[in-house]
Amino acid sequence: MIGQSKAVDLLRRSLESGRLSHAYLFVGQPHVGKMSLAINLAQALNCENEERPCGQCKSCLRIASGVHPDVQVVGRLAGADSGEAGAKKEISISQIKELQRSAGLQPYEGKHRVFIIDGAEYLNEESANCLLKTLEEPPPNVLFILLTVNDNRLLPTIVSRCQRVELYPLPAGVIEQALIERWQVTPEKAKLLSRLCRGGIGWAVSAAQDEKLTEERSLRLSELIELVDDGLEHRFAFASKLAAQFSKSRDSVEEALGLWLEWWRDILLVKEECAQLITNVDHKETLNRHAKRYSLTEIRDFIEAIRTAWEQLEQNANPRLVLEVLMLSIPAKGGATDKLPQHLGSLR
Ligand SMILES: [Zn+2]
């Protein structure tokens, strides 16, 4: 594990003293290392060597490559080949029933059976209640590790049955160094990726190996940047497209808002002459242009508007309404008066 020393120390102490909980809930933003930590813990429990996890014994290697019969990952993806469209909305009751069935069996090879529930916020009420029964009366030598970006979206009864372990975003400098030393990424690329990944080292490592990820990010970002110059009609069409995505997957909307928030924070940083702290180091010129275009108050107000929209979505407000209001909050460029269509005049 890179970073997360608090979580690692806690788990190591519990493991060494034989007081491991039967269920953990790892909470942290996407790509922060929840799955890596869960895999490491499963390895430590089943490792064949003294220094656990060694990462090299048969057991450790099989767990790392996802073929160990005693370590299973349950998630909402239908299969490796399923793209956004193929992604299931929820973790179904049949998946949990299957999990319960195998949790009752003796370990095949290792010492412990480990079930990793990836995206535990996608357990629906039925499957969560079903899982709850197992968490209340756990079979011996079985460990459950639930991973989530937000434990507020889980049933409180589930949360209370697990030991909560929080994972924090890593500082850009730590990620930059790790990319160079462990993954042999060039210093220039490491600098960019360590800033773009927002503390999620997993994204940075994937992006270092797959150019498409940074390209996709750029594309999404330019769409958001262009929106600022677009008329209201375009902005509302965008809001409606985004709202439609929200009902299928919150992640893509949160990702868009996250990108936007970062972009406007960068504008603020440039405006306040702290350009060395910006995230979007590959867009310096546009950031300079935008920083000149808006006043400090306009920038701050819009950042606040994005945060508000985020909170409202979190509280299950109507996504379309929230996003439309956000579109109306985009500051007018260069002091020009942004004319609202007459029928929308009352919205402001
Ligand atoms: Zn090992």
# chains A, B, ... in the order shown; residues from 1 in each chain; ligands from 1

call {"tool": "select_by_dssp", "arguments": {"residues": "segment 134-272 of chain A", "states": "alpha helix (DSSP H)", "output": "PyMOL selection string"}}
result
chain A and resi 134-136+156-160+172-183+187-196+201-209+211-229+232-248+250-271

call {"tool": "residues_near_ligand", "arguments": {"ligand": "ligand 1", "cutoff": "7 Å", "atoms": "only C-alpha atoms and all ligand atoms", "output": "PyMOL selection string"}}
result
chain A and resi 43-44+47-49+52-60

call {"tool": "write_last_selection", "arguments": {"atoms": "all heavy atoms", "output": "short mmCIF file (atom, residue, chain, number, x, y, z; two decimals), in the first residue's frame"}}
result
data_model
loop_
_atom_site.label_atom_id
_atom_site.label_comp_id
_atom_site.auth_asym_id
_atom_site.auth_seq_id
_atom_site.Cartn_x
_atom_site.Cartn_y
_atom_site.Cartn_z
N GLN A 43 -4.92 -11.22 1.38
CA GLN A 43 -3.62 -11.91 1.23
C GLN A 43 -3.00 -12.18 2.60
O GLN A 43 -2.52 -13.28 2.86
CB GLN A 43 -2.66 -11.05 0.39
CG GLN A 43 -3.02 -11.02 -1.09
CD GLN A 43 -2.12 -10.07 -1.86
OE1 GLN A 43 -1.76 -9.00 -1.37
NE2 GLN A 43 -1.77 -10.45 -3.08
N ALA A 44 -3.05 -11.15 3.46
CA ALA A 44 -2.44 -11.31 4.80
C ALA A 44 -3.09 -12.47 5.55
O ALA A 44 -2.42 -13.20 6.27
CB ALA A 44 -2.58 -10.01 5.58
N CYS A 47 -1.89 -15.82 3.51
CA CYS A 47 -0.49 -15.95 3.08
C CYS A 47 0.15 -17.18 3.72
O CYS A 47 -0.16 -17.55 4.85
CB CYS A 47 0.27 -14.68 3.46
SG CYS A 47 2.00 -14.73 2.96
N GLU A 48 1.08 -17.78 2.95
CA GLU A 48 1.73 -19.00 3.44
C GLU A 48 3.04 -18.70 4.15
O GLU A 48 3.66 -19.58 4.72
CB GLU A 48 2.00 -19.94 2.25
CG GLU A 48 0.71 -20.46 1.62
CD GLU A 48 0.88 -20.88 0.16
OE1 GLU A 48 2.02 -21.13 -0.26
OE2 GLU A 48 -0.15 -20.96 -0.55
N ASN A 49 3.49 -17.45 4.11
CA ASN A 49 4.78 -17.11 4.72
C ASN A 49 4.63 -16.37 6.04
O ASN A 49 3.53 -15.97 6.41
CB ASN A 49 5.62 -16.29 3.73
CG ASN A 49 6.17 -17.17 2.62
OD1 ASN A 49 6.61 -18.30 2.87
ND2 ASN A 49 6.12 -16.67 1.40
N ARG A 52 3.51 -11.52 6.52
CA ARG A 52 2.25 -11.50 5.77
C ARG A 52 1.76 -10.08 5.49
O ARG A 52 1.79 -9.26 6.41
CB ARG A 52 1.16 -12.23 6.56
CG ARG A 52 1.49 -13.67 6.84
CD ARG A 52 0.42 -14.33 7.66
NE ARG A 52 0.32 -13.78 9.00
CZ ARG A 52 -0.75 -13.92 9.78
NH1 ARG A 52 -1.82 -14.52 9.34
NH2 ARG A 52 -0.78 -13.42 10.99
N PRO A 53 1.29 -9.76 4.28
CA PRO A 53 1.31 -10.59 3.09
C PRO A 53 2.66 -10.50 2.38
O PRO A 53 3.19 -9.41 2.21
CB PRO A 53 0.22 -9.97 2.21
CG PRO A 53 0.20 -8.52 2.60
CD PRO A 53 0.64 -8.46 4.03
N CYS A 54 3.18 -11.63 1.94
CA CYS A 54 4.49 -11.62 1.29
C CYS A 54 4.36 -11.14 -0.15
O CYS A 54 5.29 -10.59 -0.73
CB CYS A 54 5.14 -13.00 1.34
SG CYS A 54 4.33 -14.22 0.27
N GLY A 55 3.19 -11.36 -0.74
CA GLY A 55 2.97 -10.93 -2.12
C GLY A 55 3.57 -11.87 -3.15
O GLY A 55 3.45 -11.64 -4.35
N GLN A 56 4.25 -12.94 -2.66
CA GLN A 56 4.96 -13.82 -3.60
C GLN A 56 4.56 -15.29 -3.54
O GLN A 56 4.84 -16.04 -4.47
CB GLN A 56 6.47 -13.69 -3.38
CG GLN A 56 7.05 -12.47 -4.08
CD GLN A 56 8.15 -11.81 -3.28
OE1 GLN A 56 8.85 -12.48 -2.52
NE2 GLN A 56 8.29 -10.51 -3.44
N CYS A 57 3.94 -15.69 -2.44
CA CYS A 57 3.57 -17.11 -2.34
C CYS A 57 2.40 -17.40 -3.31
O CYS A 57 1.80 -16.48 -3.85
CB CYS A 57 3.19 -17.47 -0.90
SG CYS A 57 1.66 -16.71 -0.35
N LYS A 58 2.10 -18.67 -3.47
CA LYS A 58 1.05 -19.08 -4.41
C LYS A 58 -0.28 -18.40 -4.04
O LYS A 58 -1.01 -17.87 -4.88
CB LYS A 58 0.92 -20.60 -4.36
CG LYS A 58 0.10 -21.17 -5.49
CD LYS A 58 0.14 -22.70 -5.45
CE LYS A 58 -1.24 -23.28 -5.69
NZ LYS A 58 -1.57 -24.43 -4.86
N SER A 59 -0.55 -18.43 -2.73
CA SER A 59 -1.80 -17.88 -2.25
C SER A 59 -1.91 -16.37 -2.55
O SER A 59 -2.92 -15.90 -3.09
CB SER A 59 -1.88 -18.14 -0.75
OG SER A 59 -3.15 -17.90 -0.29
N CYS A 60 -0.87 -15.62 -2.22
CA CYS A 60 -0.86 -14.17 -2.48
C CYS A 60 -1.04 -13.87 -3.97
O CYS A 60 -1.79 -12.98 -4.35
CB CYS A 60 0.45 -13.54 -1.99
SG CYS A 60 0.50 -13.30 -0.20
#

call {"tool": "residues_around", "arguments": {"residues": "Leu193 of chain A", "least_positions_apart": "3", "cutoff": "12 Å", "atoms": "only C-alpha atoms", "output": "PyMOL selection string"}}
result
chain A and resi 172-180+185-190+196-211+213-215+217+279-282

call {"tool": "write_last_selection", "arguments": {"atoms": "N, CA and C atoms", "output": "compact mmCIF listing (two decimals), in the first residue's frame"}}
result
# COMPACT_ATOMS: atom_id res chain seq x y z
N ALA A 172 -0.59 15.04 -3.64
CA ALA A 172 -0.07 14.91 -5.00
C ALA A 172 1.42 14.52 -5.01
N GLY A 173 2.19 15.09 -4.09
CA GLY A 173 3.64 14.82 -4.05
C GLY A 173 3.94 13.34 -3.82
N VAL A 174 3.15 12.70 -2.95
CA VAL A 174 3.35 11.28 -2.64
C VAL A 174 3.06 10.44 -3.89
N ILE A 175 1.97 10.81 -4.58
CA ILE A 175 1.58 10.06 -5.78
C ILE A 175 2.63 10.25 -6.88
N GLU A 176 3.07 11.50 -7.04
CA GLU A 176 4.06 11.82 -8.07
C GLU A 176 5.31 10.95 -7.89
N GLN A 177 5.79 10.91 -6.65
CA GLN A 177 7.00 10.14 -6.34
C GLN A 177 6.78 8.63 -6.60
N ALA A 178 5.62 8.13 -6.16
CA ALA A 178 5.33 6.70 -6.35
C ALA A 178 5.25 6.35 -7.83
N LEU A 179 4.66 7.25 -8.64
CA LEU A 179 4.54 6.98 -10.07
C LEU A 179 5.92 6.86 -10.71
N ILE A 180 6.82 7.75 -10.30
CA ILE A 180 8.17 7.74 -10.87
C ILE A 180 8.94 6.51 -10.40
N VAL A 185 7.14 6.09 -14.42
CA VAL A 185 6.49 7.11 -15.24
C VAL A 185 7.46 8.30 -15.36
N THR A 186 7.46 8.97 -16.52
CA THR A 186 8.37 10.11 -16.68
C THR A 186 7.95 11.23 -15.72
N PRO A 187 8.93 12.02 -15.22
CA PRO A 187 8.61 13.06 -14.24
C PRO A 187 7.52 14.02 -14.70
N GLU A 188 7.54 14.40 -15.98
CA GLU A 188 6.54 15.36 -16.47
C GLU A 188 5.13 14.78 -16.41
N LYS A 189 4.99 13.55 -16.86
CA LYS A 189 3.70 12.88 -16.84
C LYS A 189 3.25 12.62 -15.40
N ALA A 190 4.19 12.23 -14.55
CA ALA A 190 3.87 11.96 -13.15
C ALA A 190 3.31 13.21 -12.47
N LEU A 196 -4.06 15.54 -11.58
CA LEU A 196 -5.39 15.26 -12.14
C LEU A 196 -6.17 14.21 -11.34
N CYS A 197 -5.46 13.35 -10.62
CA CYS A 197 -6.15 12.20 -10.00
C CYS A 197 -6.86 12.55 -8.70
N ARG A 198 -6.71 13.80 -8.22
CA ARG A 198 -7.40 14.23 -6.99
C ARG A 198 -7.16 13.29 -5.82
N GLY A 199 -5.95 12.84 -5.64
CA GLY A 199 -5.66 12.02 -4.46
C GLY A 199 -5.98 10.55 -4.64
N GLY A 200 -6.55 10.20 -5.79
CA GLY A 200 -6.88 8.80 -6.07
C GLY A 200 -5.77 8.16 -6.88
N ILE A 201 -4.84 7.53 -6.20
CA ILE A 201 -3.65 7.00 -6.87
C ILE A 201 -4.01 5.94 -7.91
N GLY A 202 -5.10 5.21 -7.66
CA GLY A 202 -5.52 4.16 -8.59
C GLY A 202 -5.77 4.72 -9.99
N TRP A 203 -6.39 5.90 -10.05
CA TRP A 203 -6.66 6.51 -11.34
C TRP A 203 -5.35 6.89 -12.02
N ALA A 204 -4.44 7.47 -11.24
CA ALA A 204 -3.15 7.91 -11.80
C ALA A 204 -2.38 6.73 -12.39
N VAL A 205 -2.39 5.60 -11.68
CA VAL A 205 -1.66 4.42 -12.17
C VAL A 205 -2.32 3.89 -13.46
N SER A 206 -3.66 3.82 -13.46
CA SER A 206 -4.35 3.37 -14.68
C SER A 206 -4.08 4.31 -15.84
N ALA A 207 -4.13 5.63 -15.56
CA ALA A 207 -3.94 6.62 -16.62
C ALA A 207 -2.51 6.57 -17.15
N ALA A 208 -1.55 6.19 -16.30
CA ALA A 208 -0.16 6.09 -16.75
C ALA A 208 -0.03 4.95 -17.76
N GLN A 209 -0.91 3.95 -17.63
CA GLN A 209 -0.81 2.78 -18.51
C GLN A 209 -1.78 2.86 -19.69
N ASP A 210 -2.72 3.78 -19.61
CA ASP A 210 -3.74 3.85 -20.66
C ASP A 210 -4.04 5.32 -21.00
N GLU A 211 -3.50 5.75 -22.15
CA GLU A 211 -3.64 7.14 -22.59
C GLU A 211 -5.10 7.59 -22.67
N LEU A 213 -7.59 7.31 -20.80
CA LEU A 213 -8.20 7.90 -19.60
C LEU A 213 -7.99 9.41 -19.54
N THR A 214 -6.76 9.86 -19.84
CA THR A 214 -6.52 11.30 -19.82
C THR A 214 -7.23 11.98 -20.99
N GLU A 215 -7.30 11.28 -22.12
CA GLU A 215 -8.01 11.86 -23.27
C GLU A 215 -9.49 12.05 -22.94
N ARG A 217 -10.83 12.39 -20.04
CA ARG A 217 -10.96 13.45 -19.06
C ARG A 217 -10.92 14.82 -19.76
N THR A 279 -4.60 22.38 -10.48
CA THR A 279 -4.69 20.97 -10.85
C THR A 279 -4.48 20.78 -12.34
N ASN A 280 -5.19 21.58 -13.12
CA ASN A 280 -5.17 21.41 -14.58
C ASN A 280 -3.95 22.08 -15.20
N VAL A 281 -2.78 21.51 -14.87
CA VAL A 281 -1.53 22.13 -15.32
C VAL A 281 -1.39 22.13 -16.84
N ASP A 282 -2.19 21.33 -17.51
CA ASP A 282 -2.11 21.28 -18.98
C ASP A 282 -3.06 22.28 -19.65

call {"tool": "closest_residue", "arguments": {"among": "A:Asn46, A:Leu15, A:Ile2, A:Phe115", "to": "Glu181 of chain A", "atoms": "only C-alpha atoms"}}
result
A:Ile2

call {"tool": "closest_residue", "arguments": {"among": "A:Arg250, A:Arg307, A:Lys34, A:Arg293", "to": "Thr148 of chain A", "atoms": "only C-alpha atoms"}}
result
A:Lys34

call {"tool": "residues_around", "arguments": {"residues": "Arg161 of chain A", "least_positions_apart": "4", "cutoff": "8 Å", "atoms": "only C-alpha atoms", "output": "PyMOL selection string"}}
result
chain A and resi 23+132+135-136+157

call {"tool": "residues_around", "arguments": {"residues": "segment 242-245 of chain A", "least_positions_apart": "5", "cutoff": "10 Å", "atoms": "only C-alpha atoms", "output": "JSON list (two decimals) with all heavy atoms, in the first residue's frame"}}
result
[["chain", "number", "residue", "atom", "x", "y", "z"],
["A", 236, "PHE", "N", -29.11, 24.18, -20.93],
["A", 236, "PHE", "CA", -30.24, 23.40, -20.42],
["A", 236, "PHE", "C", -30.30, 22.02, -21.04],
["A", 236, "PHE", "O", -30.65, 21.04, -20.37],
["A", 236, "PHE", "CB", -31.56, 24.16, -20.66],
["A", 236, "PHE", "CG", -31.89, 25.10, -19.54],
["A", 236, "PHE", "CD1", -30.94, 25.99, -19.09],
["A", 236, "PHE", "CD2", -33.12, 25.08, -18.92],
["A", 236, "PHE", "CE1", -31.20, 26.86, -18.04],
["A", 236, "PHE", "CE2", -33.40, 25.94, -17.85],
["A", 236, "PHE", "CZ", -32.44, 26.83, -17.42],
["A", 237, "ALA", "N", -29.91, 21.93, -22.30],
["A", 237, "ALA", "CA", -29.87, 20.61, -22.94],
["A", 237, "ALA", "C", -28.83, 19.74, -22.23],
["A", 237, "ALA", "O", -29.05, 18.55, -21.98],
["A", 237, "ALA", "CB", -29.51, 20.76, -24.42],
["A", 250, "ARG", "N", -24.91, 7.68, -10.58],
["A", 250, "ARG", "CA", -24.55, 8.94, -9.92],
["A", 250, "ARG", "C", -23.11, 9.30, -10.23],
["A", 250, "ARG", "O", -22.74, 10.46, -10.26],
["A", 250, "ARG", "CB", -24.68, 8.80, -8.41],
["A", 250, "ARG", "CG", -26.04, 8.40, -7.92],
["A", 250, "ARG", "CD", -25.97, 8.12, -6.43],
["A", 250, "ARG", "NE", -26.08, 9.36, -5.68],
["A", 250, "ARG", "CZ", -27.13, 9.66, -4.91],
["A", 250, "ARG", "NH1", -28.11, 8.83, -4.78],
["A", 250, "ARG", "NH2", -27.17, 10.80, -4.27],
["A", 251, "ASP", "N", -22.29, 8.25, -10.44],
["A", 251, "ASP", "CA", -20.86, 8.46, -10.58],
["A", 251, "ASP", "C", -20.50, 9.45, -11.69],
["A", 251, "ASP", "O", -19.67, 10.33, -11.50],
["A", 251, "ASP", "CB", -20.13, 7.14, -10.88],
["A", 251, "ASP", "CG", -20.39, 6.11, -9.80],
["A", 251, "ASP", "OD1", -21.09, 6.45, -8.83],
["A", 251, "ASP", "OD2", -19.90, 4.98, -9.93],
["A", 252, "SER", "N", -21.16, 9.31, -12.86],
["A", 252, "SER", "CA", -20.76, 10.14, -13.98],
["A", 252, "SER", "C", -21.11, 11.61, -13.72],
["A", 252, "SER", "O", -20.40, 12.51, -14.15],
["A", 252, "SER", "CB", -21.41, 9.65, -15.27],
["A", 252, "SER", "OG", -22.80, 9.67, -15.12],
["A", 253, "VAL", "N", -22.22, 11.83, -13.01],
["A", 253, "VAL", "CA", -22.61, 13.21, -12.69],
["A", 253, "VAL", "C", -21.66, 13.80, -11.64],
["A", 253, "VAL", "O", -21.20, 14.94, -11.76],
["A", 253, "VAL", "CB", -24.07, 13.25, -12.18],
["A", 253, "VAL", "CG1", -24.46, 14.67, -11.82],
["A", 253, "VAL", "CG2", -25.00, 12.69, -13.24],
["A", 254, "GLU", "N", -21.33, 12.99, -10.65],
["A", 254, "GLU", "CA", -20.40, 13.46, -9.63],
["A", 254, "GLU", "C", -19.04, 13.76, -10.25],
["A", 254, "GLU", "O", -18.36, 14.71, -9.89],
["A", 254, "GLU", "CB", -20.25, 12.41, -8.53],
["A", 254, "GLU", "CG", -21.39, 12.52, -7.55],
["A", 254, "GLU", "CD", -21.37, 11.45, -6.48],
["A", 254, "GLU", "OE1", -20.43, 10.67, -6.42],
["A", 254, "GLU", "OE2", -22.34, 11.43, -5.71],
["A", 256, "ALA", "N", -18.55, 14.76, -13.34],
["A", 256, "ALA", "CA", -18.66, 16.02, -14.08],
["A", 256, "ALA", "C", -18.59, 17.21, -13.12],
["A", 256, "ALA", "O", -17.85, 18.17, -13.34],
["A", 256, "ALA", "CB", -19.95, 16.05, -14.88],
["A", 318, "ASN", "N", -34.33, 16.80, -6.85],
["A", 318, "ASN", "CA", -34.58, 16.50, -8.26],
["A", 318, "ASN", "C", -33.36, 16.92, -9.10],
["A", 318, "ASN", "O", -33.02, 18.10, -9.18],
["A", 318, "ASN", "CB", -35.83, 17.28, -8.69],
["A", 318, "ASN", "CG", -36.14, 17.10, -10.16],
["A", 318, "ASN", "OD1", -35.25, 17.00, -11.00],
["A", 318, "ASN", "ND2", -37.42, 17.05, -10.48],
["A", 319, "PRO", "N", -32.67, 15.94, -9.73],
["A", 319, "PRO", "CA", -31.41, 16.27, -10.40],
["A", 319, "PRO", "C", -31.56, 17.30, -11.52],
["A", 319, "PRO", "O", -30.71, 18.18, -11.69],
["A", 319, "PRO", "CB", -30.92, 14.93, -10.96],
["A", 319, "PRO", "CG", -32.03, 13.98, -10.82],
["A", 319, "PRO", "CD", -32.95, 14.50, -9.76],
["A", 320, "ARG", "N", -32.66, 17.22, -12.26],
["A", 320, "ARG", "CA", -32.82, 18.13, -13.39],
["A", 320, "ARG", "C", -32.94, 19.58, -12.91],
["A", 320, "ARG", "O", -32.30, 20.49, -13.44],
["A", 320, "ARG", "CB", -34.06, 17.73, -14.19],
["A", 320, "ARG", "CG", -34.21, 18.60, -15.38],
["A", 320, "ARG", "CD", -35.06, 18.01, -16.44],
["A", 320, "ARG", "NE", -35.15, 19.00, -17.48],
["A", 320, "ARG", "CZ", -35.71, 18.79, -18.64],
["A", 320, "ARG", "NH1", -36.21, 17.62, -18.89],
["A", 320, "ARG", "NH2", -35.77, 19.75, -19.51],
["A", 321, "LEU", "N", -33.74, 19.75, -11.87],
["A", 321, "LEU", "CA", -33.94, 21.08, -11.30],
["A", 321, "LEU", "C", -32.62, 21.65, -10.75],
["A", 321, "LEU", "O", -32.25, 22.79, -11.03],
["A", 321, "LEU", "CB", -34.98, 20.98, -10.19],
["A", 321, "LEU", "CG", -35.76, 22.24, -9.88],
["A", 321, "LEU", "CD1", -36.55, 22.66, -11.09],
["A", 321, "LEU", "CD2", -36.71, 21.99, -8.70],
["A", 322, "VAL", "N", -31.92, 20.81, -10.00],
["A", 322, "VAL", "CA", -30.65, 21.22, -9.40],
["A", 322, "VAL", "C", -29.66, 21.65, -10.49],
["A", 322, "VAL", "O", -29.03, 22.70, -10.39],
["A", 322, "VAL", "CB", -30.05, 20.06, -8.57],
["A", 322, "VAL", "CG1", -28.63, 20.37, -8.14],
["A", 322, "VAL", "CG2", -30.92, 19.78, -7.35],
["A", 323, "LEU", "N", -29.58, 20.85, -11.55],
["A", 323, "LEU", "CA", -28.60, 21.14, -12.60],
["A", 323, "LEU", "C", -29.00, 22.35, -13.42],
["A", 323, "LEU", "O", -28.15, 23.13, -13.86],
["A", 323, "LEU", "CB", -28.40, 19.90, -13.48],
["A", 323, "LEU", "CG", -27.73, 18.72, -12.75],
["A", 323, "LEU", "CD1", -27.81, 17.43, -13.57],
["A", 323, "LEU", "CD2", -26.28, 19.03, -12.41],
["A", 324, "GLU", "N", -30.30, 22.54, -13.61],
["A", 324, "GLU", "CA", -30.76, 23.73, -14.35],
["A", 324, "GLU", "C", -30.44, 25.01, -13.57],
["A", 324, "GLU", "O", -30.00, 26.00, -14.13],
["A", 324, "GLU", "CB", -32.26, 23.63, -14.65],
["A", 324, "GLU", "CG", -32.54, 22.68, -15.80],
["A", 324, "GLU", "CD", -34.00, 22.59, -16.19],
["A", 324, "GLU", "OE1", -34.84, 23.15, -15.46],
["A", 324, "GLU", "OE2", -34.29, 21.96, -17.22]]

call {"tool": "residues_around", "arguments": {"residues": "segment 265-275 of chain A", "least_positions_apart": "5", "cutoff": "10 Å", "atoms": "only C-alpha atoms", "output": "JSON, numbers by chain"}}
result
{"A": [259, 260, 280, 281, 283, 284, 286, 287, 288, 289, 290, 291, 292, 293, 294, 295, 296, 297, 298, 299, 300, 302, 303]}

call {"tool": "residues_around", "arguments": {"residues": "Leu11 of chain A", "least_positions_apart": "2", "cutoff": "10 Å", "atoms": "only C-alpha atoms", "output": "VMD selection string"}}
result
chain A and resid 5 to 9 13 to 17 19 to 21 24 37 41 44 165

call {"tool": "atom_distance", "arguments": {"atom1": "atom CA of Ser240 of chain A", "atom2": "atom CA of Leu261 of chain A"}}
result
19.1 Å

call {"tool": "select_by_dssp", "arguments": {"residues": "segment 13-73 of chain A", "states": "strand (DSSP E or B)", "output": "MDAnalysis selection string"}}
result
chainID A and resid 23:27 71:73

call {"tool": "write_last_selection", "arguments": {"atoms": "all heavy atoms", "output": "mmCIF file, in the first residue's frame"}}
result
data_model
loop_
_atom_site.group_PDB
_atom_site.id
_atom_site.type_symbol
_atom_site.label_atom_id
_atom_site.label_comp_id
_atom_site.auth_asym_id
_atom_site.auth_seq_id
_atom_site.Cartn_x
_atom_site.Cartn_y
_atom_site.Cartn_z
ATOM 1 N N ALA A 23 -16.281 -8.088 9.973
ATOM 2 C CA ALA A 23 -16.737 -7.259 8.845
ATOM 3 C C ALA A 23 -16.122 -5.868 8.926
ATOM 4 O O ALA A 23 -16.127 -5.235 9.976
ATOM 5 C CB ALA A 23 -18.251 -7.162 8.848
ATOM 6 N N TYR A 24 -15.590 -5.410 7.790
ATOM 7 C CA TYR A 24 -15.033 -4.057 7.710
ATOM 8 C C TYR A 24 -15.769 -3.263 6.642
ATOM 9 O O TYR A 24 -16.244 -3.823 5.649
ATOM 10 C CB TYR A 24 -13.539 -4.110 7.362
ATOM 11 C CG TYR A 24 -12.682 -4.532 8.528
ATOM 12 C CD1 TYR A 24 -12.325 -5.868 8.680
ATOM 13 C CD2 TYR A 24 -12.271 -3.614 9.484
ATOM 14 C CE1 TYR A 24 -11.569 -6.268 9.764
ATOM 15 C CE2 TYR A 24 -11.514 -4.009 10.581
ATOM 16 C CZ TYR A 24 -11.164 -5.332 10.717
ATOM 17 O OH TYR A 24 -10.426 -5.721 11.796
ATOM 18 N N LEU A 25 -15.814 -1.971 6.877
ATOM 19 C CA LEU A 25 -16.362 -1.068 5.866
ATOM 20 C C LEU A 25 -15.265 -0.073 5.520
ATOM 21 O O LEU A 25 -14.866 0.731 6.358
ATOM 22 C CB LEU A 25 -17.593 -0.344 6.435
ATOM 23 C CG LEU A 25 -18.258 0.699 5.536
ATOM 24 C CD1 LEU A 25 -18.784 0.063 4.252
ATOM 25 C CD2 LEU A 25 -19.406 1.383 6.274
ATOM 26 N N PHE A 26 -14.724 -0.173 4.305
ATOM 27 C CA PHE A 26 -13.697 0.762 3.861
ATOM 28 C C PHE A 26 -14.389 1.921 3.135
ATOM 29 O O PHE A 26 -15.062 1.706 2.129
ATOM 30 C CB PHE A 26 -12.713 0.090 2.897
ATOM 31 C CG PHE A 26 -11.819 -0.957 3.525
ATOM 32 C CD1 PHE A 26 -10.952 -1.702 2.729
ATOM 33 C CD2 PHE A 26 -11.833 -1.197 4.900
ATOM 34 C CE1 PHE A 26 -10.120 -2.672 3.297
ATOM 35 C CE2 PHE A 26 -11.010 -2.159 5.467
ATOM 36 C CZ PHE A 26 -10.151 -2.905 4.660
ATOM 37 N N VAL A 27 -14.198 3.120 3.657
ATOM 38 C CA VAL A 27 -14.864 4.288 3.090
ATOM 39 C C VAL A 27 -13.820 5.226 2.491
ATOM 40 O O VAL A 27 -12.832 5.552 3.148
ATOM 41 C CB VAL A 27 -15.653 5.052 4.177
ATOM 42 C CG1 VAL A 27 -16.447 6.198 3.570
ATOM 43 C CG2 VAL A 27 -16.579 4.116 4.937
ATOM 44 N N VAL A 71 -11.410 -16.229 -2.120
ATOM 45 C CA VAL A 71 -11.539 -14.766 -2.090
ATOM 46 C C VAL A 71 -12.423 -14.338 -3.256
ATOM 47 O O VAL A 71 -12.082 -14.532 -4.417
ATOM 48 C CB VAL A 71 -10.156 -14.076 -2.163
ATOM 49 C CG1 VAL A 71 -10.316 -12.564 -2.177
ATOM 50 C CG2 VAL A 71 -9.278 -14.512 -0.991
ATOM 51 N N GLN A 72 -13.582 -13.791 -2.932
ATOM 52 C CA GLN A 72 -14.525 -13.411 -3.993
ATOM 53 C C GLN A 72 -14.874 -11.931 -3.930
ATOM 54 O O GLN A 72 -15.026 -11.388 -2.838
ATOM 55 C CB GLN A 72 -15.825 -14.204 -3.838
ATOM 56 C CG GLN A 72 -15.681 -15.658 -4.240
ATOM 57 C CD GLN A 72 -16.976 -16.424 -4.000
ATOM 58 O OE1 GLN A 72 -18.061 -15.857 -4.005
ATOM 59 N NE2 GLN A 72 -16.844 -17.716 -3.787
ATOM 60 N N VAL A 73 -15.014 -11.343 -5.101
ATOM 61 C CA VAL A 73 -15.445 -9.954 -5.177
ATOM 62 C C VAL A 73 -16.872 -9.929 -5.704
ATOM 63 O O VAL A 73 -17.174 -10.533 -6.731
ATOM 64 C CB VAL A 73 -14.523 -9.126 -6.107
ATOM 65 C CG1 VAL A 73 -15.028 -7.692 -6.224
ATOM 66 C CG2 VAL A 73 -13.089 -9.143 -5.585
#

call {"tool": "closest_residue", "arguments": {"among": "A:Leu154, A:Cys162, A:Leu123, A:Ile116", "to": "His22 of chain A", "atoms": "only C-alpha atoms"}}
result
A:Cys162

call {"tool": "decode", "arguments": {"residues": "segment 160-166 of chain A", "atoms": "N, CA and C atoms", "output": "mmCIF file, in the first residue's frame"}}
result
data_model
loop_
_atom_site.group_PDB
_atom_site.id
_atom_site.type_symbol
_atom_site.label_atom_id
_atom_site.label_comp_id
_atom_site.auth_asym_id
_atom_site.auth_seq_id
_atom_site.Cartn_x
_atom_site.Cartn_y
_atom_site.Cartn_z
ATOM 1 N N SER A 160 -23.545 -0.272 11.178
ATOM 2 C CA SER A 160 -23.288 -0.547 12.591
ATOM 3 C C SER A 160 -22.723 -1.953 12.819
ATOM 4 N N ARG A 161 -22.854 -2.822 11.838
ATOM 5 C CA ARG A 161 -22.331 -4.186 11.969
ATOM 6 C C ARG A 161 -20.885 -4.311 11.498
ATOM 7 N N CYS A 162 -20.346 -3.232 10.942
ATOM 8 C CA CYS A 162 -18.997 -3.291 10.381
ATOM 9 C C CYS A 162 -18.072 -2.354 11.149
ATOM 10 N N GLN A 163 -16.786 -2.685 11.140
ATOM 11 C CA GLN A 163 -15.839 -1.718 11.654
ATOM 12 C C GLN A 163 -15.463 -0.783 10.509
ATOM 13 N N ARG A 164 -15.627 0.511 10.763
ATOM 14 C CA ARG A 164 -15.424 1.498 9.711
ATOM 15 C C ARG A 164 -13.946 1.895 9.629
ATOM 16 N N VAL A 165 -13.411 1.872 8.413
ATOM 17 C CA VAL A 165 -12.024 2.285 8.203
ATOM 18 C C VAL A 165 -12.032 3.323 7.095
ATOM 19 N N GLU A 166 -11.565 4.522 7.403
ATOM 20 C CA GLU A 166 -11.602 5.563 6.383
ATOM 21 C C GLU A 166 -10.261 5.674 5.652
#
